[in-house]
$ cat entry_27.pdb   # PDB, C-alpha atoms
ATOM      1  CA  MET A   1      52.024 109.762 116.795
ATOM      2  CA  SER A   2      52.960 106.416 118.381
ATOM      3  CA  ALA A   3      50.571 104.393 120.500
ATOM      4  CA  SER A   4      50.211 105.577 124.089
ATOM      5  CA  PHE A   5      51.185 103.649 127.195
ATOM      6  CA  ARG A   6      50.559 104.028 130.913
ATOM      7  CA  ALA A   7      53.120 105.459 133.267
ATOM      8  CA  ILE A   8      53.400 106.607 136.872
ATOM      9  CA  LEU A   9      54.397 110.259 136.976
ATOM     10  CA  VAL A  10      55.629 112.016 140.112
ATOM     11  CA  SER A  11      55.198 115.788 139.941
ATOM     12  CA  ARG A  12      55.737 118.778 142.192
ATOM     13  CA  ASP A  13      53.898 122.126 142.235
ATOM     14  CA  ASP A  14      55.298 125.600 142.840
ATOM     15  CA  GLU A  15      55.052 125.059 146.592
ATOM     16  CA  LYS A  16      57.031 121.801 146.232
ATOM     17  CA  LYS A  17      54.028 119.670 147.150
ATOM     18  CA  GLN A  18      54.431 116.253 145.516
ATOM     19  CA  SER A  19      51.704 114.367 143.654
ATOM     20  CA  VAL A  20      51.634 110.935 142.024
ATOM     21  CA  ASP A  21      49.434 110.133 139.037
ATOM     22  CA  VAL A  22      48.910 107.410 136.465
ATOM     23  CA  VAL A  23      49.112 109.079 133.052
ATOM     24  CA  GLU A  24      49.131 108.226 129.366
ATOM     25  CA  LEU A  25      52.403 108.942 127.527
ATOM     26  CA  ASN A  26      53.685 108.516 123.990
ATOM     27  CA  GLU A  27      57.154 107.515 122.826
ATOM     28  CA  GLU A  28      57.750 111.132 121.806
ATOM     29  CA  ASP A  29      57.420 112.145 125.478
ATOM     30  CA  LEU A  30      60.413 110.064 126.594
ATOM     31  CA  MET A  31      63.772 111.534 127.593
ATOM     32  CA  GLU A  32      66.864 111.235 125.422
ATOM     33  CA  GLY A  33      68.724 107.960 124.948
ATOM     34  CA  ASP A  34      70.034 105.640 122.257
ATOM     35  CA  VAL A  35      68.082 102.499 123.197
ATOM     36  CA  THR A  36      64.298 102.226 123.597
ATOM     37  CA  VAL A  37      63.057  99.298 125.668
ATOM     38  CA  ARG A  38      59.601  97.803 126.126
ATOM     39  CA  VAL A  39      59.433  97.289 129.896
ATOM     40  CA  GLU A  40      58.340  93.751 130.767
ATOM     41  CA  ALA A  41      59.205  93.559 134.446
ATOM     42  CA  THR A  42      60.351  95.849 137.219
ATOM     43  CA  THR A  43      60.370  95.856 141.004
ATOM     44  CA  VAL A  44      59.655  98.034 144.026
ATOM     45  CA  ASN A  45      62.796  98.752 146.014
ATOM     46  CA  TYR A  46      63.001 100.846 149.173
ATOM     47  CA  LYS A  47      64.388 103.715 147.072
ATOM     48  CA  ASP A  48      61.370 103.465 144.764
ATOM     49  CA  GLY A  49      59.153 103.720 147.821
ATOM     50  CA  LEU A  50      60.966 106.862 148.904
ATOM     51  CA  ALA A  51      60.573 108.366 145.423
ATOM     52  CA  ILE A  52      56.829 107.744 145.205
ATOM     53  CA  THR A  53      55.990 108.736 148.778
ATOM     54  CA  GLY A  54      58.348 111.712 148.823
ATOM     55  CA  LYS A  55      59.615 110.670 152.243
ATOM     56  CA  SER A  56      63.189 111.319 151.131
ATOM     57  CA  PRO A  57      64.485 113.572 148.318
ATOM     58  CA  VAL A  58      65.265 110.767 145.881
ATOM     59  CA  VAL A  59      63.757 112.482 142.832
ATOM     60  CA  ARG A  60      66.004 115.216 141.428
ATOM     61  CA  HIS A  61      64.290 115.967 138.103
ATOM     62  CA  TRP A  62      60.632 116.945 137.796
ATOM     63  CA  PRO A  63      58.351 115.485 136.667
ATOM     64  CA  MET A  64      59.742 111.955 137.027
ATOM     65  CA  VAL A  65      58.744 108.440 136.048
ATOM     66  CA  PRO A  66      60.140 106.407 138.976
ATOM     67  CA  GLY A  67      61.510 102.877 138.900
ATOM     68  CA  ILE A  68      65.240 102.179 139.206
ATOM     69  CA  ASP A  69      65.201  98.602 137.825
ATOM     70  CA  LEU A  70      63.850  97.036 134.685
ATOM     71  CA  VAL A  71      64.027  94.106 132.337
ATOM     72  CA  GLY A  72      62.701  94.473 128.844
ATOM     73  CA  THR A  73      63.074  93.944 125.133
ATOM     74  CA  VAL A  74      64.858  96.414 122.874
ATOM     75  CA  VAL A  75      62.426  97.893 120.347
ATOM     76  CA  ASN A  76      64.849 100.396 118.833
ATOM     77  CA  SER A  77      68.603 100.864 119.154
ATOM     78  CA  GLU A  78      70.965 103.468 117.770
ATOM     79  CA  ASN A  79      73.911 101.798 119.487
ATOM     80  CA  SER A  80      75.706  98.778 118.046
ATOM     81  CA  ALA A  81      75.929  97.154 121.487
ATOM     82  CA  PHE A  82      72.240  96.176 121.284
ATOM     83  CA  LYS A  83      69.786  95.276 118.566
ATOM     84  CA  THR A  84      66.019  94.993 118.327
ATOM     85  CA  GLY A  85      64.786  91.933 120.209
ATOM     86  CA  ASP A  86      67.612  91.810 122.773
ATOM     87  CA  LYS A  87      66.639  91.192 126.380
ATOM     88  CA  VAL A  88      68.301  93.764 128.611
ATOM     89  CA  LEU A  89      68.620  94.507 132.316
ATOM     90  CA  LEU A  90      69.104  97.834 134.065
ATOM     91  CA  ASN A  91      69.938  98.811 137.651
ATOM     92  CA  GLY A  92      70.569 102.365 138.771
ATOM     93  CA  PHE A  93      72.555 105.065 136.932
ATOM     94  CA  GLY A  94      70.071 107.649 138.195
ATOM     95  CA  VAL A  95      67.166 106.093 136.337
ATOM     96  CA  GLY A  96      64.008 106.855 138.307
ATOM     97  CA  GLU A  97      65.835 109.767 139.981
ATOM     98  CA  THR A  98      67.203 112.042 137.254
ATOM     99  CA  HIS A  99      66.097 110.099 134.144
ATOM    100  CA  TRP A 100      62.647 108.619 133.502
ATOM    101  CA  GLY A 101      62.528 105.053 134.736
ATOM    102  CA  ALA A 102      60.776 101.721 134.740
ATOM    103  CA  TYR A 103      57.198 102.486 135.758
ATOM    104  CA  ALA A 104      56.049 102.961 132.168
ATOM    105  CA  GLY A 105      55.372 100.836 129.123
ATOM    106  CA  LEU A 106      58.502 102.143 127.381
ATOM    107  CA  ALA A 107      61.821 103.552 128.565
ATOM    108  CA  ARG A 108      64.451 105.342 126.488
ATOM    109  CA  LEU A 109      67.899 104.782 127.984
ATOM    110  CA  SER A 110      71.625 104.964 127.394
ATOM    111  CA  ALA A 111      73.211 101.765 126.127
ATOM    112  CA  ASN A 112      75.981 102.317 128.685
ATOM    113  CA  TRP A 113      73.481 101.647 131.478
ATOM    114  CA  LEU A 114      72.316  98.292 130.126
ATOM    115  CA  ILE A 115      73.660  94.773 130.345
ATOM    116  CA  PRO A 116      72.286  91.636 128.670
ATOM    117  CA  LEU A 117      69.772  89.735 130.766
ATOM    118  CA  PRO A 118      71.544  86.559 131.958
ATOM    119  CA  LYS A 119      70.139  83.617 130.003
ATOM    120  CA  GLN A 120      69.561  81.660 133.224
ATOM    121  CA  LEU A 121      67.034  84.223 134.488
ATOM    122  CA  SER A 122      63.509  85.085 133.426
ATOM    123  CA  PRO A 123      62.484  88.767 133.571
ATOM    124  CA  LEU A 124      60.507  88.201 136.777
ATOM    125  CA  GLN A 125      63.352  86.257 138.386
ATOM    126  CA  ALA A 126      65.761  89.072 137.593
ATOM    127  CA  MET A 127      63.381  91.603 139.101
ATOM    128  CA  GLY A 128      62.862  89.322 142.088
ATOM    129  CA  VAL A 129      66.552  89.982 142.598
ATOM    130  CA  GLY A 130      66.446  93.641 141.528
ATOM    131  CA  THR A 131      68.753  96.338 142.838
ATOM    132  CA  ALA A 132      68.237  95.089 146.395
ATOM    133  CA  GLY A 133      69.460  91.583 145.583
ATOM    134  CA  TYR A 134      72.170  92.826 143.258
ATOM    135  CA  THR A 135      73.382  95.092 146.069
ATOM    136  CA  ALA A 136      73.363  92.138 148.456
ATOM    137  CA  MET A 137      75.618  90.268 146.022
ATOM    138  CA  LEU A 138      77.977  93.241 145.810
ATOM    139  CA  CYS A 139      78.163  93.243 149.626
ATOM    140  CA  VAL A 140      79.016  89.541 149.707
ATOM    141  CA  MET A 141      81.690  90.067 147.067
ATOM    142  CA  ALA A 142      83.156  92.959 149.097
ATOM    143  CA  LEU A 143      83.385  90.750 152.197
ATOM    144  CA  GLU A 144      85.013  87.953 150.198
ATOM    145  CA  GLU A 145      87.566  90.352 148.741
ATOM    146  CA  ARG A 146      88.409  91.466 152.277
ATOM    147  CA  GLY A 147      89.125  87.823 153.133
ATOM    148  CA  ILE A 148      85.950  87.035 155.088
ATOM    149  CA  LYS A 149      85.306  83.336 154.444
ATOM    150  CA  PRO A 150      82.707  80.930 155.851
ATOM    151  CA  GLU A 151      85.330  79.494 158.208
ATOM    152  CA  SER A 152      86.244  82.993 159.439
ATOM    153  CA  GLY A 153      83.203  83.199 161.686
ATOM    154  CA  PRO A 154      79.583  84.405 161.808
ATOM    155  CA  VAL A 155      78.236  87.172 159.597
ATOM    156  CA  VAL A 156      75.396  89.433 160.755
ATOM    157  CA  VAL A 157      72.755  90.753 158.363
ATOM    158  CA  THR A 158      70.677  93.728 159.488
ATOM    159  CA  GLY A 159      67.262  94.593 158.100
ATOM    160  CA  ALA A 160      66.933  90.873 157.574
ATOM    161  CA  ASN A 161      63.342  90.918 156.329
ATOM    162  CA  GLY A 162      64.017  93.580 153.715
ATOM    163  CA  GLY A 163      65.075  93.115 150.118
ATOM    164  CA  VAL A 164      68.832  93.397 150.666
ATOM    165  CA  GLY A 165      68.733  91.445 153.903
ATOM    166  CA  SER A 166      66.661  88.511 152.692
ATOM    167  CA  VAL A 167      68.759  87.984 149.564
ATOM    168  CA  ALA A 168      72.014  88.427 151.503
ATOM    169  CA  ILE A 169      70.956  85.725 153.968
ATOM    170  CA  THR A 170      70.079  83.369 151.131
ATOM    171  CA  ILE A 171      73.390  83.892 149.309
ATOM    172  CA  LEU A 172      75.558  83.726 152.439
ATOM    173  CA  ALA A 173      73.834  80.571 153.665
ATOM    174  CA  LYS A 174      74.286  78.827 150.311
ATOM    175  CA  LEU A 175      77.985  79.741 150.409
ATOM    176  CA  GLY A 176      78.304  78.125 153.832
ATOM    177  CA  TYR A 177      78.384  81.127 156.176
ATOM    178  CA  HIS A 178      76.891  81.066 159.676
ATOM    179  CA  VAL A 179      74.334  83.872 159.335
ATOM    180  CA  ILE A 180      72.939  85.928 162.210
ATOM    181  CA  ALA A 181      69.779  87.755 161.133
ATOM    182  CA  SER A 182      68.778  90.983 162.874
ATOM    183  CA  THR A 183      65.078  91.799 162.557
ATOM    184  CA  GLY A 184      62.403  93.918 164.148
ATOM    185  CA  ARG A 185      59.796  91.314 163.269
ATOM    186  CA  PRO A 186      60.382  88.284 165.502
ATOM    187  CA  GLU A 187      57.192  86.723 164.152
ATOM    188  CA  GLU A 188      59.141  86.199 160.900
ATOM    189  CA  ALA A 189      61.658  83.858 162.549
ATOM    190  CA  ASP A 190      60.518  80.825 160.550
ATOM    191  CA  PHE A 191      60.780  82.811 157.310
ATOM    192  CA  LEU A 192      64.376  83.826 158.088
ATOM    193  CA  THR A 193      65.354  80.349 159.227
ATOM    194  CA  ASN A 194      64.009  78.947 155.968
ATOM    195  CA  LEU A 195      66.256  81.383 154.082
ATOM    196  CA  GLY A 196      69.256  79.979 155.913
ATOM    197  CA  ALA A 197      69.684  82.124 159.026
ATOM    198  CA  ALA A 198      71.369  80.130 161.803
ATOM    199  CA  GLU A 199      70.550  82.665 164.526
ATOM    200  CA  ILE A 200      67.989  85.449 164.868
ATOM    201  CA  ILE A 201      68.386  88.505 167.102
ATOM    202  CA  ASP A 202      66.050  91.387 167.869
ATOM    203  CA  ARG A 203      67.069  94.596 166.148
ATOM    204  CA  LYS A 204      66.632  96.378 169.498
ATOM    205  CA  GLU A 205      69.999  94.883 170.444
ATOM    206  CA  LEU A 206      71.590  97.087 167.777
ATOM    207  CA  SER A 207      69.277 100.028 167.133
ATOM    208  CA  GLU A 208      69.860 102.037 170.325
ATOM    209  CA  PRO A 209      72.976 104.053 171.281
ATOM    210  CA  GLY A 210      75.722 101.631 172.322
ATOM    211  CA  LYS A 211      79.289 101.427 173.566
ATOM    212  CA  PRO A 212      82.329 102.334 171.432
ATOM    213  CA  LEU A 213      83.420  98.683 171.673
ATOM    214  CA  GLY A 214      81.344  95.663 172.552
ATOM    215  CA  LYS A 215      81.775  91.927 172.785
ATOM    216  CA  GLU A 216      83.147  90.442 169.548
ATOM    217  CA  ARG A 217      80.137  88.627 168.088
ATOM    218  CA  TRP A 218      80.752  88.355 164.334
ATOM    219  CA  VAL A 219      83.548  88.692 161.816
ATOM    220  CA  GLY A 220      81.483  90.277 159.072
ATOM    221  CA  GLY A 221      78.291  92.126 158.408
ATOM    222  CA  VAL A 222      75.915  93.271 155.695
ATOM    223  CA  ASP A 223      74.141  96.434 156.808
ATOM    224  CA  ALA A 224      71.315  98.209 154.999
ATOM    225  CA  VAL A 225      70.198 100.190 158.044
ATOM    226  CA  GLY A 226      72.889 102.698 159.010
ATOM    227  CA  SER A 227      72.798 104.994 162.073
ATOM    228  CA  HIS A 228      73.095 103.373 165.528
ATOM    229  CA  THR A 229      72.630  99.920 164.009
ATOM    230  CA  LEU A 230      75.728 100.196 161.859
ATOM    231  CA  ALA A 231      77.676 101.754 164.742
ATOM    232  CA  ASN A 232      76.806  98.810 167.005
ATOM    233  CA  VAL A 233      77.563  96.249 164.301
ATOM    234  CA  LEU A 234      81.028  97.778 163.912
ATOM    235  CA  ALA A 235      81.561  97.898 167.684
ATOM    236  CA  GLN A 236      80.819  94.161 167.948
ATOM    237  CA  THR A 237      82.856  93.000 164.955
ATOM    238  CA  SER A 238      85.811  90.725 165.677
ATOM    239  CA  TYR A 239      89.448  91.655 165.118
ATOM    240  CA  GLY A 240      90.251  91.879 161.416
ATOM    241  CA  GLY A 241      86.607  91.739 160.418
ATOM    242  CA  ALA A 242      84.668  93.825 157.921
ATOM    243  CA  VAL A 243      81.204  95.280 157.465
ATOM    244  CA  ALA A 244      79.682  96.064 154.061
ATOM    245  CA  ALA A 245      77.356  99.062 154.345
ATOM    246  CA  CYS A 246      74.817  99.791 151.613
ATOM    247  CA  GLY A 247      71.738 101.448 153.114
ATOM    248  CA  LEU A 248      70.199 103.923 155.521
ATOM    249  CA  ALA A 249      66.790 102.593 156.547
ATOM    250  CA  GLN A 250      67.336 103.810 160.130
ATOM    251  CA  GLY A 251      69.235 106.952 159.155
ATOM    252  CA  PHE A 252      72.200 108.335 157.257
ATOM    253  CA  ASP A 253      74.118 109.307 160.379
ATOM    254  CA  LEU A 254      76.886 107.153 161.850
ATOM    255  CA  PRO A 255      77.191 107.864 165.614
ATOM    256  CA  ALA A 256      80.319 105.749 166.023
ATOM    257  CA  THR A 257      83.929 106.141 167.198
ATOM    258  CA  VAL A 258      87.215 105.167 165.592
ATOM    259  CA  MET A 259      87.746 102.475 168.248
ATOM    260  CA  PRO A 260      86.723  99.444 166.111
ATOM    261  CA  PHE A 261      88.990 100.621 163.301
ATOM    262  CA  ILE A 262      92.142 101.365 165.288
ATOM    263  CA  LEU A 263      91.879  98.726 168.043
ATOM    264  CA  ARG A 264      90.363  95.800 166.140
ATOM    265  CA  ASN A 265      91.451  96.530 162.580
ATOM    266  CA  VAL A 266      87.825  96.464 161.452
ATOM    267  CA  ALA A 267      87.072  97.638 157.905
ATOM    268  CA  LEU A 268      83.962  99.536 156.862
ATOM    269  CA  LEU A 269      83.281  98.731 153.207
ATOM    270  CA  GLY A 270      81.027 101.155 151.383
ATOM    271  CA  VAL A 271      78.944  99.464 148.685
ATOM    272  CA  ASP A 272      77.265 101.486 145.927
ATOM    273  CA  SER A 273      75.051  99.812 143.357
ATOM    274  CA  VAL A 274      74.098 102.833 141.261
ATOM    275  CA  MET A 275      77.309 103.677 139.408
ATOM    276  CA  GLN A 276      79.141 100.344 139.316
ATOM    277  CA  PRO A 277      81.085  99.832 136.069
ATOM    278  CA  LYS A 278      79.596  97.441 133.540
ATOM    279  CA  GLU A 279      82.221  94.741 134.130
ATOM    280  CA  ARG A 280      81.439  94.672 137.856
ATOM    281  CA  ARG A 281      77.695  94.549 137.175
ATOM    282  CA  ILE A 282      78.073  91.609 134.816
ATOM    283  CA  GLU A 283      80.289  89.841 137.368
ATOM    284  CA  ALA A 284      77.744  90.382 140.153
ATOM    285  CA  TRP A 285      74.842  89.121 138.053
ATOM    286  CA  GLU A 286      76.861  86.077 136.978
ATOM    287  CA  ARG A 287      77.511  85.339 140.652
ATOM    288  CA  ILE A 288      73.789  85.697 141.330
ATOM    289  CA  THR A 289      72.999  82.982 138.791
ATOM    290  CA  GLN A 290      75.505  80.706 140.570
ATOM    291  CA  ASP A 291      75.120  81.540 144.253
ATOM    292  CA  LEU A 292      71.476  82.479 144.749
ATOM    293  CA  ASN A 293      69.109  79.603 145.381
ATOM    294  CA  MET A 294      66.303  80.263 142.885
ATOM    295  CA  GLY A 295      63.859  78.204 144.933
ATOM    296  CA  LYS A 296      64.530  80.459 147.917
ATOM    297  CA  LEU A 297      64.197  83.511 145.671
ATOM    298  CA  GLU A 298      60.728  82.353 144.697
ATOM    299  CA  ASP A 299      59.867  81.949 148.382
ATOM    300  CA  ILE A 300      60.786  85.563 149.170
ATOM    301  CA  THR A 301      59.296  87.152 146.026
ATOM    302  CA  SER A 302      55.732  88.337 145.591
ATOM    303  CA  VAL A 303      54.504  89.334 142.137
ATOM    304  CA  ILE A 304      52.218  92.307 141.575
ATOM    305  CA  GLY A 305      50.908  94.206 138.558
ATOM    306  CA  PHE A 306      51.300  97.818 137.453
ATOM    307  CA  ASP A 307      48.177  98.910 139.341
ATOM    308  CA  ASP A 308      49.680  97.812 142.675
ATOM    309  CA  ILE A 309      52.967  99.744 142.433
ATOM    310  CA  ILE A 310      51.875 102.911 144.237
ATOM    311  CA  SER A 311      50.307 101.155 147.221
ATOM    312  CA  THR A 312      53.259  98.773 147.496
ATOM    313  CA  ALA A 313      55.643 101.735 147.512
ATOM    314  CA  GLN A 314      53.870 103.075 150.598
ATOM    315  CA  ASP A 315      53.940  99.640 152.237
ATOM    316  CA  ILE A 316      57.671  99.190 151.708
ATOM    317  CA  VAL A 317      58.425 102.557 153.320
ATOM    318  CA  ASP A 318      56.127 101.629 156.222
ATOM    319  CA  GLY A 319      58.071  98.396 156.766
ATOM    320  CA  LYS A 320      55.159  96.166 155.787
ATOM    321  CA  VAL A 321      56.912  94.328 152.941
ATOM    322  CA  ARG A 322      59.130  91.334 153.504
ATOM    323  CA  GLY A 323      61.499  89.966 150.923
ATOM    324  CA  ARG A 324      61.239  91.102 147.328
ATOM    325  CA  VAL A 325      58.476  92.434 145.078
ATOM    326  CA  ALA A 326      58.551  91.836 141.322
ATOM    327  CA  VAL A 327      56.215  93.720 139.002
ATOM    328  CA  ASP A 328      54.794  92.007 135.919
ATOM    329  CA  MET A 329      54.188  94.993 133.648
ATOM    330  CA  GLU A 330      52.096  92.861 131.281
ATOM    331  CA  ARG A 331      49.767  91.631 134.037
TER     332      ARG A 331
END
$ encode --input "entry_27.pdb" --output "structure tokens"
Amino acid sequence: MSASFRAILVSRDDEKKQSVDVVELNEEDLMEGDVTVRVEATTVNYKDGLAITGKSPVVRHWPMVPGIDLVGTVVNSENSAFKTGDKVLLNGFGVGETHWGAYAGLARLSANWLIPLPKQLSPLQAMGVGTAGYTAMLCVMALEERGIKPESGPVVVTGANGGVGSVAITILAKLGYHVIASTGRPEEADFLTNLGAAEIIDRKELSEPGKPLGKERWVGGVDAVGSHTLANVLAQTSYGGAVAACGLAQGFDLPATVMPFILRNVALLGVDSVMQPKERRIEAWERITQDLNMGKLEDITSVIGFDDIISTAQDIVDGKVRGRVAVDMER
């Protein structure tokens, strides 16, 4: 039998009560796949927090090793796309939800889910970006493709202190956009300004029920919050503007009207990071190496070890984490 390794295992009993344990696994325990990867770095995203705490039904296969992101080295490959020693990167594809994920020493995966780790990034840098930052880049790309340029006008970013928000601010600011950051933590104003935010507003301006149409305040938006926040962002978007929506931290409902769409020609752009085709993933990660200030990324990233994953997952769900968290699995 192969050497054992530690893993976080989320289980559920007959009464559907969830438990989280650190266990010892062997390679023979892993799920099916054609590439086996030694996990070197991962991260704690909001979705990972939901999976570990059970606050939302993220996990759909029991028991589950959570962790939707990883960087690692291929130790065995039955697919010609990768060979032993390759550095690979994974985001999404149901890993950590329906297929055992990153919070383990080894992961067995499908080659179709993997892309090469960009040479410009270290494993911890890539996980400082993680799904949250990769999603932020997809949102920026969606706005660009809709024709929203820096000269078009301000862009609002909700959930500004979170993983998506903080990276989105950093990318947009580097590209020359006037960024308005919406946050529930006004004490973090200096942090957001350092990332590149030109204005900071209290999330209370957006989080309560609002009017079908409001004053035109921005031409674009990146929203990871949903619910009333997204409805108010849409209602205050200028004629011909667009909002990229990628999250539901406030809720999955959208208590809005059609008024912004039919009177102001506003576009709501849905952004999914889980099932993006490989070409789009590679494009987004290439853009990250070009358009994300790595010094700023370091400023917003904290590094923890395996033993801190569970407590950090609770903190991120409780809104106590700002920026990004990278996990050094060898620490």
$ residues_near_point --input "entry_27.pdb" --point "(75.4, 95.9, 145.6)" --cutoff "12 Å" --atoms "all atoms listed in the file" --output "VMD selection string"
chain A and resid 91 to 92 129 to 143 163 to 165 167 to 168 222 to 224 244 to 247 269 to 277 280 to 285 287 to 288
$ resolve_selection --input "entry_27.pdb" --expression "the PyMOL selection byres ((chain A and resi 114) around 6)" --output "MDAnalysis selection string"
chainID A and resid 89:90 111:113 115
$ write_last_selection --input "entry_27.pdb" --atoms "C-alpha atoms" --output "CSV table (one decimal), in the coordinates of the input"
chain,number,residue,atom,x,y,z
A,89,LEU,CA,68.6,94.5,132.3
A,90,LEU,CA,69.1,97.8,134.1
A,111,ALA,CA,73.2,101.8,126.1
A,112,ASN,CA,76.0,102.3,128.7
A,113,TRP,CA,73.5,101.6,131.5
A,115,ILE,CA,73.7,94.8,130.3
$ resolve_selection --input "entry_27.pdb" --expression "the PyMOL selection byres ((chain A and resi 313) around 7)" --output "list in words"
Val44, Asp48, Gly49, Ile52, Ile309, Ile310, Ser311, Thr312, Gln314, Asp315, Ile316 and Val317 of chain A
$ closest_atom_pairs --input "entry_27.pdb" --of "region 118-191 of chain A" --to "region 71-79 of chain A" --cutoff "8 Å" --atoms "all atoms listed in the file" --output "tab-separated table"
residue	atom	partner	partner_atom	distance
A:Pro123	CA	A:Val71	CA	5.7
A:Ala126	CA	A:Val71	CA	7.5
A:Met127	CA	A:Val71	CA	7.2
$ atom_distance --input "entry_27.pdb" --atom1 "CA of Gln18 (chain A)" --atom2 "CA of Met31 (chain A)"
20.8 Å
$ residues_around --input "entry_27.pdb" --residues "Gly176 (chain A)" --least-positions-apart "2" --cutoff "9 Å" --atoms "only C-alpha atoms" --output "PDB file with C-alpha atoms, in the frame of the given file"
ATOM      1  CA  LYS A 149      85.306  83.336 154.444  1.00  0.00           C
ATOM      2  CA  PRO A 150      82.707  80.930 155.851  1.00  0.00           C
ATOM      3  CA  GLU A 151      85.330  79.494 158.208  1.00  0.00           C
ATOM      4  CA  ILE A 171      73.390  83.892 149.309  1.00  0.00           C
ATOM      5  CA  LEU A 172      75.558  83.726 152.439  1.00  0.00           C
ATOM      6  CA  ALA A 173      73.834  80.571 153.665  1.00  0.00           C
ATOM      7  CA  LYS A 174      74.286  78.827 150.311  1.00  0.00           C
ATOM      8  CA  HIS A 178      76.891  81.066 159.676  1.00  0.00           C
ATOM      9  CA  VAL A 179      74.334  83.872 159.335  1.00  0.00           C
TER      10      VAL A 179
END
$ residues_around --input "entry_27.pdb" --residues "region 6-8 of chain A" --least-positions-apart "4" --cutoff "6 Å" --atoms "only C-alpha atoms" --output "mmCIF file with C-alpha atoms, keeping the file's coordinate frame"
data_model
loop_
_atom_site.group_PDB
_atom_site.id
_atom_site.type_symbol
_atom_site.label_atom_id
_atom_site.label_comp_id
_atom_site.auth_asym_id
_atom_site.auth_seq_id
_atom_site.Cartn_x
_atom_site.Cartn_y
_atom_site.Cartn_z
ATOM 1 C CA ASP A 21 49.434 110.133 139.037
ATOM 2 C CA VAL A 22 48.910 107.410 136.465
ATOM 3 C CA VAL A 23 49.112 109.079 133.052
ATOM 4 C CA GLU A 24 49.131 108.226 129.366
ATOM 5 C CA VAL A 65 58.744 108.440 136.048
ATOM 6 C CA TYR A 103 57.198 102.486 135.758
ATOM 7 C CA ALA A 104 56.049 102.961 132.168
#
$ closest_residue --input "entry_27.pdb" --among "A:Lys204, A:Lys87, A:Arg12, A:Lys17" --to "Ala41 (chain A)" --atoms "all atoms listed in the file"
A:Lys87
$ resolve_selection --input "entry_27.pdb" --expression "the PyMOL selection byres ((chain A and resi 331) around 12)" --output "JSON, numbers by chain"
{"A": [39, 40, 41, 42, 105, 124, 303, 304, 305, 306, 307, 308, 326, 327, 328, 329, 330]}
$ residues_around --input "entry_27.pdb" --residues "Ala102 (chain A)" --least-positions-apart "5" --cutoff "7 Å" --atoms "only C-alpha atoms" --output "ChimeraX atom specification"
/A:39,42,66-70,107
$ atom_distance --input "entry_27.pdb" --atom1 "CA of Asn232 (chain A)" --atom2 "CA of Leu206 (chain A)"
5.5 Å
